[in-house]
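**Student:** Provided herewith: input.txt, compact mmCIF, C-alpha atoms.
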```txt
# COMPACT_ATOMS: atom_id res chain seq x y z
CA MET N 1 37.12 5.78 -43.92
CA LYS N 2 33.51 4.64 -43.78
CA ILE N 3 30.94 7.42 -43.49
CA LEU N 4 27.66 6.61 -41.75
CA SER N 5 24.53 7.50 -43.60
CA LYS N 6 21.97 9.79 -41.95
CA LYS N 7 19.70 6.80 -41.41
CA HIS N 8 22.44 4.77 -39.70
CA LEU N 9 23.45 7.76 -37.56
CA LEU N 10 19.88 8.35 -36.34
CA CYS N 11 19.54 4.64 -35.57
CA SER N 12 22.78 4.64 -33.60
CA LEU N 13 21.68 7.65 -31.54
CA ALA N 14 18.30 6.06 -30.86
CA CYS N 15 19.93 2.83 -29.69
CA ALA N 16 22.35 4.71 -27.44
CA GLY N 17 19.48 6.69 -26.00
CA SER N 18 17.51 3.53 -25.27
CA VAL N 19 20.46 2.16 -23.27
CA PHE N 20 20.81 5.23 -21.05
CA ALA N 21 17.23 6.47 -20.96
CA VAL N 22 15.82 6.71 -17.43
CA ASP N 23 12.21 5.84 -16.64
CA SER N 24 11.92 7.20 -13.11
CA THR N 25 9.15 7.54 -10.53
CA ILE N 26 9.06 9.70 -7.41
CA ARG N 27 6.66 8.88 -4.57
CA ALA N 28 5.93 10.61 -1.27
CA TYR N 29 3.91 9.15 1.62
CA THR N 30 2.91 10.87 4.84
CA PHE N 31 1.11 9.26 7.79
CA THR N 32 -0.34 11.05 10.81
CA THR N 33 -2.04 9.18 13.66
CA PHE N 34 -4.41 10.07 16.46
CA GLY N 35 -4.89 7.58 19.27
CA GLU N 36 -6.46 6.83 22.63
CA THR N 37 -5.49 4.08 25.08
CA ASP N 38 -6.49 3.01 28.59
CA GLY N 39 -2.83 2.34 29.44
CA ASP N 40 0.63 3.56 28.49
CA PHE N 41 1.47 4.08 24.80
CA ASP N 42 5.02 2.81 25.44
CA GLU N 43 3.60 -0.57 26.46
CA VAL N 44 2.06 -1.17 23.04
CA ARG N 45 4.68 0.49 20.84
CA ASN N 46 7.01 -2.27 19.68
CA HIS N 47 8.25 -1.06 16.29
CA ASN N 48 10.05 2.18 15.49
CA HIS N 49 7.27 3.14 13.06
CA ASP N 50 4.39 2.27 15.38
CA PRO N 51 2.39 5.32 16.53
CA SER N 52 4.05 6.83 19.59
CA ASP N 53 1.50 9.09 21.28
CA GLU N 54 -2.02 10.52 21.21
CA GLN N 55 -0.99 12.52 18.17
CA ALA N 56 2.04 11.53 16.12
CA PHE N 57 3.67 12.24 12.79
CA GLN N 58 4.19 8.56 12.07
CA SER N 59 6.10 8.71 8.83
CA LEU N 60 7.23 10.84 5.90
CA GLU N 61 8.64 8.59 3.23
CA LEU N 62 10.28 9.69 -0.02
CA GLU N 63 10.99 7.10 -2.69
CA TRP N 64 12.83 7.31 -5.99
CA GLN N 65 12.77 4.45 -8.45
CA ALA N 66 14.56 4.45 -11.80
CA GLU N 67 14.78 1.96 -14.64
CA TRP N 68 17.92 2.77 -16.59
CA ASN N 69 17.31 0.01 -19.11
CA SER N 70 15.85 -3.49 -19.09
CA TYR N 71 18.83 -4.74 -17.07
CA ILE N 72 19.56 -2.08 -14.44
CA LYS N 73 17.21 -0.53 -11.87
CA THR N 74 17.85 1.63 -8.82
CA PHE N 75 15.73 2.38 -5.76
CA ALA N 76 16.11 4.67 -2.74
CA ALA N 77 13.83 5.37 0.22
CA LEU N 78 14.26 8.06 2.88
CA ASN N 79 12.00 8.01 5.96
CA GLY N 80 11.39 10.54 8.71
CA LEU N 81 9.20 10.55 11.82
CA THR N 82 8.69 12.09 15.24
CA ASP N 83 9.04 9.87 18.31
CA ASP N 84 7.27 10.02 21.68
CA SER N 85 9.66 12.75 22.91
CA ASP N 86 8.69 14.94 19.91
CA SER N 87 12.19 14.71 18.44
CA SER N 88 12.49 14.10 14.72
CA GLU N 89 14.42 11.30 13.05
CA THR N 90 15.46 10.78 9.46
CA GLU N 91 16.90 7.58 8.06
CA LEU N 92 17.99 6.27 4.67
CA GLU N 93 16.10 2.99 4.72
CA GLU N 94 17.08 1.64 1.32
CA ALA N 95 19.40 2.57 -1.56
CA TYR N 96 20.33 -0.22 -3.95
CA VAL N 97 20.90 -1.20 -7.56
CA THR N 98 19.33 -4.29 -9.14
CA PHE N 99 20.76 -6.18 -12.11
CA SER N 100 18.08 -8.20 -13.89
CA LYS N 101 17.98 -10.77 -16.70
CA LEU N 102 21.31 -12.28 -15.75
CA PRO N 103 22.27 -15.76 -17.04
CA PHE N 104 20.45 -18.75 -15.53
CA ASN N 105 17.42 -16.59 -14.56
CA LEU N 106 19.41 -14.79 -11.89
CA GLU N 107 18.93 -11.33 -10.41
CA ALA N 108 21.45 -9.48 -8.22
CA ARG N 109 20.93 -6.64 -5.76
CA PHE N 110 23.64 -4.57 -4.05
CA GLY N 111 23.48 -1.71 -1.57
CA ARG N 112 21.31 -0.99 1.45
CA PHE N 113 18.05 -2.96 1.47
CA PHE N 114 15.42 -4.73 3.55
CA ASN N 115 16.03 -8.48 3.57
CA ARG N 116 13.53 -10.90 2.07
CA LEU N 117 12.86 -12.57 5.38
CA ASP N 118 9.09 -13.11 5.33
CA SER N 119 6.09 -11.56 3.57
CA TYR N 120 6.29 -8.29 5.56
CA ASN N 121 9.91 -7.51 6.46
CA HIS N 122 10.62 -5.86 3.08
CA LEU N 123 7.53 -3.61 3.20
CA HIS N 124 7.64 0.10 3.99
CA ASN N 125 4.89 1.79 6.04
CA HIS N 126 2.63 2.42 3.05
CA GLY N 127 2.57 -1.33 2.39
CA TRP N 128 1.24 -2.24 5.86
CA ASP N 129 -2.33 -3.51 6.10
CA PHE N 130 -2.60 -2.25 9.69
CA VAL N 131 -1.58 0.96 11.45
CA ASP N 132 1.15 -0.81 13.44
CA ALA N 133 3.66 -3.58 12.76
CA ASN N 134 3.04 -7.28 13.30
CA LEU N 135 4.16 -8.51 16.73
CA GLY N 136 6.42 -11.25 15.38
CA ASN N 137 8.29 -8.83 13.12
CA ALA N 138 8.68 -6.18 15.83
CA LEU N 139 9.56 -8.40 18.81
CA LEU N 140 11.53 -11.24 17.22
CA VAL N 141 13.07 -9.72 14.07
CA GLY N 142 13.66 -6.15 15.25
CA GLU N 143 12.01 -2.84 16.06
CA GLU N 144 12.98 -1.77 12.57
CA SER N 145 12.70 -4.06 9.57
CA LEU N 146 15.81 -6.22 9.18
CA GLY N 147 17.96 -4.35 6.69
CA THR N 148 21.55 -4.88 5.61
CA ASN N 149 24.31 -3.23 3.65
CA GLY N 150 25.46 -5.97 1.32
CA GLY N 151 24.37 -8.04 -1.62
CA GLU N 152 22.06 -10.86 -2.61
CA ILE N 153 21.46 -13.20 -5.52
CA THR N 154 17.98 -14.41 -6.48
CA TRP N 155 16.98 -17.17 -8.87
CA ILE N 156 13.52 -16.73 -10.42
CA GLY N 157 11.59 -19.27 -12.48
CA GLY N 158 8.25 -20.85 -13.27
CA ASP N 159 4.92 -19.88 -14.77
CA VAL N 160 1.84 -21.38 -13.11
CA TRP N 161 4.23 -22.45 -10.35
CA GLN N 162 6.37 -19.36 -9.75
CA LYS N 163 9.50 -20.02 -7.73
CA ALA N 164 12.30 -17.91 -6.29
CA PHE N 165 15.35 -18.69 -4.17
CA ASN N 166 17.39 -15.96 -2.53
CA ILE N 167 20.71 -15.85 -0.69
CA GLY N 168 22.11 -12.67 0.82
CA PHE N 169 24.98 -11.50 2.98
CA GLY N 170 25.65 -8.16 4.61
CA GLU N 171 26.03 -6.05 7.72
CA VAL N 172 22.90 -5.10 9.66
CA ASN N 173 21.94 -1.44 9.36
CA GLU N 174 22.68 0.58 12.47
CA HIS N 175 19.80 1.22 14.87
CA GLY N 176 18.24 4.45 13.62
CA HIS N 177 16.65 5.99 16.71
CA GLU N 178 17.36 7.08 20.24
CA GLU N 179 15.31 6.28 23.30
CA PRO N 180 15.59 9.11 25.81
CA GLY N 181 15.81 7.84 29.34
CA GLY N 182 15.77 4.27 28.11
CA GLY N 183 12.09 4.46 27.19
CA GLY N 184 10.18 4.69 23.96
CA HIS N 185 9.45 1.01 23.33
CA GLY N 186 7.76 -1.77 25.22
CA HIS N 187 10.81 -3.94 25.79
CA SER N 188 13.95 -4.21 27.91
CA ASP N 189 17.59 -3.64 26.91
CA SER N 190 18.17 -7.41 26.95
CA ALA N 191 15.36 -7.86 24.42
CA GLU N 192 17.16 -5.44 22.12
CA ASN N 193 20.44 -7.33 22.60
CA ALA N 194 18.73 -10.39 21.11
CA PHE N 195 18.26 -8.66 17.75
CA LEU N 196 20.71 -9.28 14.92
CA SER N 197 23.34 -6.55 14.90
CA ASP N 198 26.36 -7.50 12.77
CA ASP N 199 27.10 -9.61 9.68
CA VAL N 200 24.19 -11.85 8.70
CA LEU N 201 23.53 -14.61 6.20
CA SER N 202 19.97 -14.92 4.90
CA LEU N 203 18.25 -17.60 2.83
CA SER N 204 14.69 -17.55 1.54
CA THR N 205 12.55 -19.47 -0.88
CA LEU N 206 9.16 -18.54 -2.31
CA VAL N 207 6.66 -20.64 -4.24
CA LYS N 208 3.50 -19.14 -5.75
CA TRP N 209 0.86 -21.34 -7.35
CA SER N 210 -1.84 -19.66 -9.45
CA PRO N 211 -3.99 -22.45 -10.94
CA ASN N 212 -6.44 -19.95 -12.47
CA ASP N 213 -7.47 -16.29 -12.45
CA TYR N 214 -9.52 -16.74 -9.27
CA ASN N 215 -7.13 -18.38 -6.78
CA SER N 216 -3.49 -18.10 -5.83
CA HIS N 217 -1.41 -19.64 -3.04
CA GLN N 218 1.94 -18.36 -1.82
CA PHE N 219 4.43 -20.16 0.45
CA ASN N 220 7.53 -18.55 1.92
CA LEU N 221 10.29 -20.12 4.02
CA SER N 222 13.20 -18.04 5.33
CA PHE N 223 16.26 -18.38 7.54
CA VAL N 224 18.69 -15.75 8.82
CA THR N 225 21.66 -16.10 11.16
CA GLY N 226 24.27 -13.73 12.53
CA ALA N 227 25.78 -12.06 15.57
CA ASN N 228 23.44 -10.38 18.05
CA GLY N 229 23.89 -7.42 20.40
CA TYR N 230 25.44 -9.24 23.39
CA GLU N 231 28.94 -7.82 23.41
CA GLY N 232 32.08 -9.75 24.28
CA GLY N 233 30.67 -13.25 23.98
CA ASP N 234 30.47 -14.03 20.24
CA ARG N 235 26.74 -14.72 20.58
CA ASP N 236 24.42 -15.45 17.63
CA THR N 237 20.72 -15.27 16.81
CA GLN N 238 18.93 -17.47 14.27
CA ILE N 239 15.44 -16.80 12.95
CA ILE N 240 13.24 -19.13 10.91
CA THR N 241 9.99 -17.89 9.39
CA ALA N 242 7.30 -19.74 7.43
CA ASP N 243 4.22 -18.09 6.02
CA TYR N 244 1.32 -18.89 3.73
CA SER N 245 -1.19 -16.62 2.00
CA TYR N 246 -4.26 -17.37 -0.06
CA LEU N 247 -5.85 -14.86 -2.42
CA LEU N 248 -9.39 -15.27 -3.77
CA LYS N 249 -10.66 -13.03 -6.58
CA PRO N 250 -14.31 -13.96 -7.14
CA GLY N 251 -14.52 -11.97 -10.37
CA GLY N 252 -11.29 -13.22 -11.86
CA PHE N 253 -7.96 -11.53 -12.48
CA SER N 254 -9.40 -7.99 -12.68
CA SER N 255 -11.80 -8.48 -9.76
CA GLU N 256 -12.27 -5.38 -7.60
CA ASN N 257 -13.29 -7.40 -4.53
CA GLN N 258 -10.93 -9.96 -3.04
CA LEU N 259 -10.27 -12.01 0.07
CA ARG N 260 -6.78 -12.59 1.47
CA LEU N 261 -5.97 -15.08 4.25
CA GLU N 262 -2.51 -15.17 5.86
CA ALA N 263 -0.66 -17.24 8.44
CA SER N 264 2.94 -16.81 9.68
CA VAL N 265 5.15 -18.63 12.17
CA PHE N 266 8.40 -17.27 13.65
CA ARG N 267 11.00 -19.21 15.63
CA ARG N 268 14.01 -17.44 17.14
CA ASN N 269 16.98 -18.97 18.92
CA THR N 270 19.02 -16.46 20.92
CA GLU N 271 22.42 -17.14 22.49
CA TRP N 272 22.62 -14.79 25.47
CA LEU N 273 25.36 -13.54 27.78
CA GLY N 274 24.70 -12.46 31.36
CA GLU N 275 26.38 -9.55 33.13
CA SER N 276 28.34 -12.00 35.28
CA GLY N 277 29.44 -14.06 32.28
CA GLN N 278 26.84 -16.84 32.34
CA LEU N 279 26.01 -18.29 28.93
CA GLY N 280 22.88 -19.91 27.55
CA ASP N 281 20.31 -19.83 24.78
CA SER N 282 16.54 -19.37 24.55
CA ASN N 283 13.89 -20.27 21.99
CA GLN N 284 10.85 -18.15 21.27
CA VAL N 285 7.94 -18.78 18.92
CA GLY N 286 5.47 -16.31 17.51
CA PHE N 287 2.66 -16.55 15.01
CA ARG N 288 0.19 -14.37 13.15
CA LEU N 289 -3.21 -14.97 11.57
CA ALA N 290 -4.91 -12.38 9.37
CA ALA N 291 -7.95 -12.06 7.13
CA LEU N 292 -8.54 -9.06 4.87
CA TYR N 293 -11.50 -8.44 2.60
CA GLN N 294 -11.56 -5.72 -0.04
CA PHE N 295 -15.11 -4.80 -1.07
CA ASN N 296 -13.82 -2.58 -3.87
CA PRO N 297 -10.77 -0.32 -4.40
CA LYS N 298 -12.27 2.15 -1.89
CA TRP N 299 -13.09 -0.05 1.14
CA LYS N 300 -11.24 -2.82 2.98
CA VAL N 301 -11.64 -4.47 6.39
CA GLY N 302 -9.21 -6.71 8.24
CA PHE N 303 -8.68 -8.84 11.34
CA ARG N 304 -5.33 -9.85 12.81
CA TYR N 305 -4.21 -11.98 15.73
CA GLY N 306 -0.58 -12.10 16.81
CA GLN N 307 1.21 -13.85 19.65
CA VAL N 308 4.85 -13.98 20.80
CA ASP N 309 6.29 -16.19 23.54
CA GLY N 310 7.96 -14.52 26.48
CA ALA N 311 11.38 -15.37 27.87
CA LYS N 312 13.00 -14.92 31.29
CA ASP N 313 16.35 -16.69 31.23
CA GLY N 314 19.77 -16.34 32.82
CA PHE N 315 18.86 -14.59 36.06
CA ASP N 316 21.86 -12.83 37.59
CA THR N 317 21.59 -12.60 41.39
CA VAL N 318 24.44 -10.07 41.57
CA HIS N 319 22.85 -7.58 39.18
CA ASN N 320 19.27 -8.68 39.90
CA GLU N 321 18.31 -8.99 36.24
CA TYR N 322 17.75 -11.55 33.49
CA ALA N 323 20.19 -12.02 30.65
CA LEU N 324 17.16 -12.19 28.33
CA GLU N 325 13.75 -10.84 29.31
CA VAL N 326 10.94 -10.56 26.78
CA LEU N 327 7.30 -10.21 27.81
CA GLU N 328 4.73 -12.57 26.36
CA ARG N 329 2.18 -10.71 24.24
CA ASP N 330 -1.09 -11.33 22.43
CA ARG N 331 -2.76 -8.78 20.17
CA TYR N 332 -6.17 -8.74 18.50
CA SER N 333 -6.68 -6.07 15.83
CA LEU N 334 -9.59 -4.85 13.73
CA VAL N 335 -9.10 -2.30 10.94
CA VAL N 336 -11.33 -0.47 8.46
CA GLU N 337 -9.63 1.23 5.53
CA ARG N 338 -10.94 3.84 3.08
CA ASN N 339 -9.07 4.89 -0.06
CA ILE N 340 -9.88 8.15 -1.80
CA ASN N 341 -8.38 8.50 -5.26
CA VAL N 342 -8.17 12.28 -5.80
CA SER N 343 -6.22 12.14 -9.07
CA LYS N 344 -3.70 9.98 -10.87
CA HIS N 345 -0.99 11.64 -8.77
CA LEU N 346 -2.74 11.95 -5.38
CA ASN N 347 -4.40 9.40 -3.10
CA ILE N 348 -5.72 9.75 0.47
CA ASN N 349 -5.83 6.71 2.74
CA LEU N 350 -7.76 6.55 6.04
CA LYS N 351 -7.53 3.73 8.60
CA ALA N 352 -9.50 3.25 11.83
CA GLN N 353 -8.07 0.47 14.03
CA TYR N 354 -8.78 -1.11 17.39
CA ASN N 355 -6.20 -3.18 19.31
CA HIS N 356 -6.70 -5.38 22.33
CA ASP N 357 -3.35 -6.32 23.90
CA VAL N 358 -2.70 -8.95 26.55
CA ILE N 359 0.74 -8.57 28.14
CA GLU N 360 2.13 -11.15 30.57
CA GLU N 361 4.33 -9.33 33.06
CA ASP N 362 4.30 -10.21 36.77
CA SER N 363 0.57 -10.51 36.19
CA THR N 364 -1.66 -10.36 33.14
CA HIS N 365 -2.13 -6.81 31.89
CA GLU N 366 -4.76 -5.96 29.28
CA GLN N 367 -4.84 -2.76 27.26
CA ASN N 368 -7.23 -1.32 24.68
CA THR N 369 -6.08 1.17 22.06
CA GLY N 370 -7.77 2.94 19.16
CA TRP N 371 -6.04 4.59 16.20
CA LEU N 372 -7.09 6.87 13.38
CA GLN N 373 -4.47 7.15 10.67
CA THR N 374 -4.45 9.65 7.80
CA GLY N 375 -2.18 8.91 4.86
CA ILE N 376 -1.43 11.10 1.84
CA HIS N 377 0.23 9.42 -1.14
CA PHE N 378 1.76 11.41 -3.99
CA THR N 379 3.21 9.87 -7.16
CA TYR N 380 4.95 11.62 -10.03
```
Please go through the file and, once you have read it, give me the structure as structure tokens.

**Tutor:**
Amino acid sequence: MKILSKKHLLCSLACAGSVFAVDSTIRAYTFTTFGETDGDFDEVRNHNHDPSDEQAFQSLELEWQAEWNSYIKTFAALNGLTDDSDSSETELEEAYVTFSKLPFNLEARFGRFFNRLDSYNHLHNHGWDFVDANLGNALLVGEESLGTNGGEITWIGGDVWQKAFNIGFGEVNEHGHEEPGGGGHGHSDSAENAFLSDDVLSLSTLVKWSPNDYNSHQFNLSFVTGANGYEGGDRDTQIITADYSYLLKPGGFSSENQLRLEASVFRRNTEWLGESGQLGDSNQVGFRLAALYQFNPKWKVGFRYGQVDGAKDGFDTVHNEYALEVLERDRYSLVVERNINVSKHLNINLKAQYNHDVIEEDSTHEQNTGWLQTGIHFTY
């Protein structure tokens, strides 16, 4: 029988510990908003995490991230909020495990996660540049970020030209909020039926070109298809997104000031089903332009313009309604952001934002809204 020396035993224990050691991080984010509008808040609230009233607890997000070793990582995010009826909601937004450094430069992710649809779908509230969600994401993708229970495989490669290709399949997460009396958001029931609601297949590709420490360009093209919310008709929705972003760092890689320019295009095809059984499909296009300038880590300003096509198709004379009705919208936004770094564990974020909305209903309706958002970020 071979007896291990003390040196070999200590080495074996150290190696075993390195395999199972956990490097974990816990984060907490809270956002409270105060707002004023010359119209109805419901008219300009399109996403579940958009501010809902003059004073709203917009979000309480808890995140846990763990790196078990160089191959296995886990992540979970729990989010809570109060809606416009002052009722509270809590939802498990993400909980997944990632396997990295697989053969052929592959990475696999399994569990509950936000899909890599465009540059913003996968972001939680604390990653938003503005107080509210982009119109294209909220009105064409869904009033919550598109998330699925399933799996995906990603290929990653490149150096100066970084590339990634992703394919995923899963079941869309259930809608995580109630709308008392049918209200709460600025859209009709038919608009919600157009959202993906069952098994979906998603494809995305990303190319990032960083020729030097001062400039970088990122291109993203995505496609997702699956069943929508029209019941009894086997109806599908397909979404194509394309976006581009340019980042300028005048002082090089470690520059404190930077300029970011972004452009996104959404195209959605919806197969609808009328109450009397009529069938058809509709196409909608939306786009977004944004410019954000960071003076230093404390101050940032931004401008955003978003537009989404409306749709009124499949009118049913018996029920006096459209099979698909989505209002055309334009939104102009200005934001000023201030970051206050209290300590290595605590950060306070303040945003002041102005929105000008143009909504095409029976006639053109314009609405002005101002927001003040207070965010507290804790990391341990």

**Student:** Report, in Å with one decimal, the straight-line distance from atom CA of N:Thr82 to atom CA of N:Leu62.

**Tutor:**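 For atom CA of N:Thr82 relative to atom CA of N:Leu62, the distance reads 15.5 Å.
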
**Student:** Could you tell me which of N:Asp199, N:Glu192, N:Asp118, N:Asp281 comes closest to N:Asn149 if we count all atoms listed in the file?

**Tutor:** N:Asp199

**Student:** So, with only C-alpha atoms as the atoms that count, which of N:Thr148, N:Thr374, N:Thr270, N:Asn69 lies closest to N:Asn347?

**Tutor:**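 With only C-alpha atoms as the atom set, the closest residue is N:Thr374.
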
**Student:** Which residues, written as a list in words, have at least one atom at most 9 Å from N:Glu36, with only C-alpha atoms counted and residues fewer than 2 positions away on the same chain left out?

**Tutor:**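 Using only C-alpha atoms, the neighbours found are Phe34, Asp38, Gly39, Phe41, Asp53, Glu54, Asn368, Thr369, Gly370 and Trp371 of chain N.
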
**Student:** Nearest to N:Asn193: which of N:Glu152, N:Val265, N:Trp299, N:Tyr322 is it, counting only C-alpha atoms?

**Tutor:** N:Tyr322

**Student:** Between atom CA of N:Lys101 and atom CA of N:Tyr71, what is the distance in Å, rounded to a tenth?

**Tutor:**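 We find that atom CA of N:Lys101 and atom CA of N:Tyr71 lie 6.1 Å from each other.
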
**Student:** Tell me which of N:Ile240, N:Val224, N:Leu60, N:Val342 sits closest to N:Glu89, counting only C-alpha atoms.

**Tutor:** N:Leu60

**Student:** From the options N:Leu327, N:Leu92, N:Val172, N:Leu334, which residue's atoms come nearest to N:His365, counting only C-alpha atoms?

**Tutor:**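 Between N:Leu327, N:Leu92, N:Val172, N:Leu334, the residue approaching N:His365 most closely is N:Leu327.
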
**Student:** Would you mind listing what lies within 10 Å of N:Leu289 as number ranges by chain, with only C-alpha atoms counted and same-chain residues fewer than 2 positions away left out?

**Tutor:** N: 243-245, 261-265, 287, 291, 303-307, 332

**Student:** What residues have an atom no more than 8 Å from (-8.6, -8.2, 1.3) in the file's own frame, counting only C-alpha atoms, and can you write them as a list in words?

**Tutor:**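 The residues that fall inside the cut-off are Asn257, Gln258, Leu259, Arg260, Leu261, Ala291, Leu292, Tyr293, Gln294, Phe295, Lys300, Val301 and Gly302 of chain N.
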
**Student:** With distances taken over all atoms listed in the file, which of N:Tyr354, N:Phe169, N:Trp272, N:Tyr120 is nearest to N:Thr241?

**Tutor:**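 Of all the options, N:Tyr120 lies closest to N:Thr241.
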
**Student:** Name all residues at most 9 Å from N:Asn121 (count only C-alpha atoms; drop same-chain ones fewer than 3 positions away) and give them as JSON, numbers by chain.

**Tutor:** {"N": [114, 115, 116, 117, 118, 124, 137, 141, 144, 145, 146, 147]}

**Student:** Write out as a VMD selection string each polymer residue whose atoms come within 6 Å of N:Glu143, counting all atoms listed in the file; drop sequence neighbours fewer than 3 positions from it.

**Tutor:** chain N and resid 47 to 48 138

**Student:** Output file request: stretch 278-321 of chain N, with C-alpha atoms, as a short mmCIF file (atom, residue, chain, number, x, y, z; two decimals), in the first residue's frame.

**Tutor:**
```cif
data_model
loop_
_atom_site.label_atom_id
_atom_site.label_comp_id
_atom_site.auth_asym_id
_atom_site.auth_seq_id
_atom_site.Cartn_x
_atom_site.Cartn_y
_atom_site.Cartn_z
CA GLN N 278 -60.26 35.19 -39.53
CA LEU N 279 -56.55 34.68 -40.12
CA GLY N 280 -53.81 37.02 -41.29
CA ASP N 281 -50.41 38.45 -40.49
CA SER N 282 -48.95 41.92 -39.89
CA ASN N 283 -45.49 43.43 -40.09
CA GLN N 284 -44.23 46.14 -37.78
CA VAL N 285 -40.92 47.99 -37.76
CA GLY N 286 -39.33 49.95 -34.96
CA PHE N 287 -36.00 51.68 -34.54
CA ARG N 288 -33.94 53.45 -31.92
CA LEU N 289 -31.15 56.03 -32.03
CA ALA N 290 -29.14 57.00 -28.96
CA ALA N 291 -26.10 59.07 -28.03
CA LEU N 292 -24.53 58.99 -24.57
CA TYR N 293 -21.56 60.99 -23.36
CA GLN N 294 -19.76 60.27 -20.10
CA PHE N 295 -17.77 63.28 -18.87
CA ASN N 296 -16.21 61.21 -16.09
CA PRO N 297 -17.33 58.32 -13.85
CA LYS N 298 -19.63 60.75 -12.00
CA TRP N 299 -21.58 62.45 -14.82
CA LYS N 300 -23.27 61.21 -18.00
CA VAL N 301 -25.85 62.69 -20.38
CA GLY N 302 -27.88 60.95 -23.06
CA PHE N 303 -30.39 61.42 -25.87
CA ARG N 304 -32.69 58.75 -27.29
CA TYR N 305 -35.25 58.61 -30.07
CA GLY N 306 -37.49 55.60 -30.54
CA GLN N 307 -40.31 54.82 -32.96
CA VAL N 308 -42.62 51.83 -33.45
CA ASP N 309 -45.11 51.32 -36.28
CA GLY N 310 -48.75 50.89 -35.39
CA ALA N 311 -51.03 48.14 -36.64
CA LYS N 312 -54.81 47.87 -37.04
CA ASP N 313 -55.55 44.61 -38.84
CA GLY N 314 -58.29 41.99 -38.97
CA PHE N 315 -61.30 44.09 -38.00
CA ASP N 316 -64.16 41.93 -36.73
CA THR N 317 -67.56 43.54 -37.39
CA VAL N 318 -69.31 41.09 -35.05
CA HIS N 319 -67.15 41.88 -32.02
CA ASN N 320 -66.27 45.41 -33.16
CA GLU N 321 -62.54 45.00 -32.58
#
```
